[in-house]
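Structure first, commentary second.
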Amino acid sequence: MAAEAVRAFMLSWLLAHHYTPAYADAMIKQANIESRLEPCVRARSGSWLYGWVGSRRKALAAYAGTSSCPSIEAQLSFADHELRTQYTSFWEAPPHRAFAVLRRCFGRGECD
């Protein structure tokens with residue numbers, strides 16, 4: 001799937017799951033940094049849409065019920081679950097800071 005199709009799917013999914021445009025944009029920017037919007041990319045630096053590694057990658061595989069590339073929908077659903085349970089500072093950030101908080105906390109694991 002081409003990057004623009006992935007971007008469009010992500011935007012539609014995120015908006016349908018009650019992300020405001022600013023928070024949806026932050027999620028898309030983070031995925032672009034991690035994977036260039038290639039949902040099945042694998043690298044030493046991480047796997048799949050959000051570059052998951054280690055226990056988070058294993059948790060995503062278990063969540064999706066596959067050891068191969070999870071669907072985009074499963075990846076977004078898992079990311080949403082992580083944000084709502086482990087990385088809640090994303091939701092506490094004002095819209096203009098959503099990407100910076102997402103990048104630091106969800107992307108780098110440097111939450112306060």
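By convention here, the chains of the structure tokens are called A, B, ... in the order presented, each chain's residues are numbered starting at 1, and ligands are numbered starting at 1 in the order presented.
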**Message:** Please return, as a ChimeraX atom specification, all residues of range 21-81 of chain A that DSSP assigns to helix (DSSP H, G or I) on the basis of the backbone.
**Reply:** /A:21-35,54-64,72-81
Can I get the selected residues back with N, CA and C atoms, as an mmCIF file, in the first residue's frame?
data_model
loop_
_atom_site.group_PDB
_atom_site.id
_atom_site.type_symbol
_atom_site.label_atom_id
_atom_site.label_comp_id
_atom_site.auth_asym_id
_atom_site.auth_seq_id
_atom_site.Cartn_x
_atom_site.Cartn_y
_atom_site.Cartn_z
ATOM 1 N N PRO A 21 -8.225 16.373 14.951
ATOM 2 C CA PRO A 21 -7.238 16.480 13.867
ATOM 3 C C PRO A 21 -5.804 16.677 14.349
ATOM 4 N N ALA A 22 -5.587 17.452 15.401
ATOM 5 C CA ALA A 22 -4.222 17.684 15.894
ATOM 6 C C ALA A 22 -3.591 16.402 16.424
ATOM 7 N N TYR A 23 -4.358 15.588 17.133
ATOM 8 C CA TYR A 23 -3.829 14.340 17.686
ATOM 9 C C TYR A 23 -3.669 13.289 16.592
ATOM 10 N N ALA A 24 -4.583 13.275 15.623
ATOM 11 C CA ALA A 24 -4.445 12.367 14.481
ATOM 12 C C ALA A 24 -3.198 12.725 13.683
ATOM 13 N N ASP A 25 -2.970 14.005 13.471
ATOM 14 C CA ASP A 25 -1.785 14.449 12.742
ATOM 15 C C ASP A 25 -0.509 14.036 13.473
ATOM 16 N N ALA A 26 -0.513 14.143 14.784
ATOM 17 C CA ALA A 26 0.652 13.723 15.570
ATOM 18 C C ALA A 26 0.929 12.237 15.369
ATOM 19 N N MET A 27 -0.110 11.426 15.376
ATOM 20 C CA MET A 27 0.053 9.981 15.180
ATOM 21 C C MET A 27 0.604 9.664 13.791
ATOM 22 N N ILE A 28 0.130 10.371 12.791
ATOM 23 C CA ILE A 28 0.601 10.142 11.426
ATOM 24 C C ILE A 28 2.050 10.591 11.289
ATOM 25 N N LYS A 29 2.406 11.730 11.863
ATOM 26 C CA LYS A 29 3.798 12.199 11.826
ATOM 27 C C LYS A 29 4.737 11.201 12.489
ATOM 28 N N GLN A 30 4.316 10.661 13.637
ATOM 29 C CA GLN A 30 5.149 9.691 14.345
ATOM 30 C C GLN A 30 5.344 8.434 13.497
ATOM 31 N N ALA A 31 4.292 7.951 12.873
ATOM 32 C CA ALA A 31 4.409 6.767 12.013
ATOM 33 C C ALA A 31 5.308 7.056 10.813
ATOM 34 N N ASN A 32 5.231 8.251 10.284
ATOM 35 C CA ASN A 32 6.084 8.611 9.155
ATOM 36 C C ASN A 32 7.558 8.605 9.560
ATOM 37 N N ILE A 33 7.860 9.091 10.751
ATOM 38 C CA ILE A 33 9.239 9.073 11.248
ATOM 39 C C ILE A 33 9.711 7.639 11.462
ATOM 40 N N GLU A 34 8.868 6.826 12.083
ATOM 41 C CA GLU A 34 9.266 5.463 12.447
ATOM 42 C C GLU A 34 9.368 4.518 11.252
ATOM 43 N N SER A 35 8.449 4.657 10.288
ATOM 44 C CA SER A 35 8.364 3.651 9.218
ATOM 45 C C SER A 35 8.181 4.203 7.814
ATOM 46 N N GLY A 54 11.264 -5.052 21.073
ATOM 47 C CA GLY A 54 11.260 -5.794 22.336
ATOM 48 C C GLY A 54 9.893 -6.249 22.791
ATOM 49 N N SER A 55 9.623 -6.001 24.069
ATOM 50 C CA SER A 55 8.376 -6.485 24.661
ATOM 51 C C SER A 55 7.150 -5.818 24.048
ATOM 52 N N ARG A 56 7.276 -4.583 23.599
ATOM 53 C CA ARG A 56 6.139 -3.914 22.955
ATOM 54 C C ARG A 56 5.820 -4.573 21.614
ATOM 55 N N ARG A 57 6.837 -4.960 20.849
ATOM 56 C CA ARG A 57 6.599 -5.644 19.577
ATOM 57 C C ARG A 57 5.945 -6.996 19.825
ATOM 58 N N LYS A 58 6.432 -7.714 20.831
ATOM 59 C CA LYS A 58 5.835 -9.015 21.174
ATOM 60 C C LYS A 58 4.395 -8.847 21.644
ATOM 61 N N ALA A 59 4.130 -7.809 22.407
ATOM 62 C CA ALA A 59 2.768 -7.554 22.876
ATOM 63 C C ALA A 59 1.846 -7.236 21.704
ATOM 64 N N LEU A 60 2.329 -6.475 20.735
ATOM 65 C CA LEU A 60 1.531 -6.182 19.543
ATOM 66 C C LEU A 60 1.240 -7.469 18.778
ATOM 67 N N ALA A 61 2.244 -8.314 18.590
ATOM 68 C CA ALA A 61 2.039 -9.575 17.875
ATOM 69 C C ALA A 61 0.986 -10.424 18.590
ATOM 70 N N ALA A 62 1.057 -10.488 19.903
ATOM 71 C CA ALA A 62 0.068 -11.256 20.673
ATOM 72 C C ALA A 62 -1.320 -10.620 20.545
ATOM 73 N N TYR A 63 -1.380 -9.310 20.628
ATOM 74 C CA TYR A 63 -2.644 -8.571 20.511
ATOM 75 C C TYR A 63 -3.287 -8.838 19.157
ATOM 76 N N ALA A 64 -2.460 -8.841 18.107
ATOM 77 C CA ALA A 64 -2.956 -9.040 16.744
ATOM 78 C C ALA A 64 -3.128 -10.516 16.395
ATOM 79 N N ILE A 72 -2.916 -2.940 9.425
ATOM 80 C CA ILE A 72 -2.823 -1.532 9.851
ATOM 81 C C ILE A 72 -3.846 -1.271 10.950
ATOM 82 N N GLU A 73 -5.028 -1.799 10.788
ATOM 83 C CA GLU A 73 -6.071 -1.589 11.797
ATOM 84 C C GLU A 73 -5.648 -2.155 13.150
ATOM 85 N N ALA A 74 -5.044 -3.344 13.162
ATOM 86 C CA ALA A 74 -4.577 -3.925 14.424
ATOM 87 C C ALA A 74 -3.467 -3.073 15.032
ATOM 88 N N GLN A 75 -2.577 -2.555 14.201
ATOM 89 C CA GLN A 75 -1.494 -1.716 14.710
ATOM 90 C C GLN A 75 -2.036 -0.422 15.312
ATOM 91 N N LEU A 76 -3.004 0.187 14.641
ATOM 92 C CA LEU A 76 -3.592 1.417 15.173
ATOM 93 C C LEU A 76 -4.366 1.143 16.453
ATOM 94 N N SER A 77 -5.085 0.037 16.485
ATOM 95 C CA SER A 77 -5.841 -0.321 17.679
ATOM 96 C C SER A 77 -4.907 -0.566 18.860
ATOM 97 N N PHE A 78 -3.786 -1.240 18.612
ATOM 98 C CA PHE A 78 -2.818 -1.485 19.673
ATOM 99 C C PHE A 78 -2.176 -0.178 20.142
ATOM 100 N N ALA A 79 -1.806 0.683 19.204
ATOM 101 C CA ALA A 79 -1.236 1.985 19.571
ATOM 102 C C ALA A 79 -2.232 2.776 20.407
ATOM 103 N N ASP A 80 -3.490 2.765 20.006
ATOM 104 C CA ASP A 80 -4.529 3.454 20.760
ATOM 105 C C ASP A 80 -4.627 2.885 22.174
ATOM 106 N N HIS A 81 -4.592 1.571 22.287
ATOM 107 C CA HIS A 81 -4.633 0.919 23.601
ATOM 108 C C HIS A 81 -3.442 1.366 24.461
#
**Request:** Quick one: pick out all strand (DSSP E or B) residues within chain A from a backbone DSSP run and write them as a PyMOL selection string.
**Result:** chain A and resi 42-43+46-47+52
**Pick from A:Met10, A:Phe106, A:Gly65, A:Arg36, whichever lies nearest to Arg84 in chain A using only C-alpha atoms** =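 Closest to Arg84 in chain A, using only C-alpha atoms: A:Phe106.
With CA of Val53 in chain A on one side and CA of Thr88 in chain A on the other, the separation reads 19.8 Å.
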**Item:** All residues 12 Å or closer to Leu83 in chain A, only C-alpha atoms, same chain fewer than 6 positions away omitted, as a PyMOL selection string
**Value:** chain A and resi 19+23+27+76-77+89-92+98+101-103+105-107+109+111
**Fill in**
Counting only C-alpha atoms, closest pick from A:Val41, A:Ala5, A:Trp52, A:Ala100 relative to Cys69 in chain A is A:Val41
**Message:** At a cut-off of 8 Å, using only C-alpha atoms, what residues contact Glu38 in chain A? Leave out same-chain residues fewer than 2 positions from it and give the result as a list of chain:residue names.
**Reply:**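 The residues that qualify are A:Met1, A:Ala2, A:Ala3, A:Val6, A:Ser35, A:Arg36, A:Cys40, A:Val41, A:Trp48, A:Leu49.
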**Between CA of Ser47 in chain A and CA of Pro70 in chain A - distance in Å to one decimal** =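 That distance, rounded to one decimal, is 10.4 Å.
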**Prompt:** If you measure from CA of Ser71 in chain A to CA of Gln86 in chain A, what distance in Å do you get, rounded to one decimal?
**Reply:** 21.8 Å
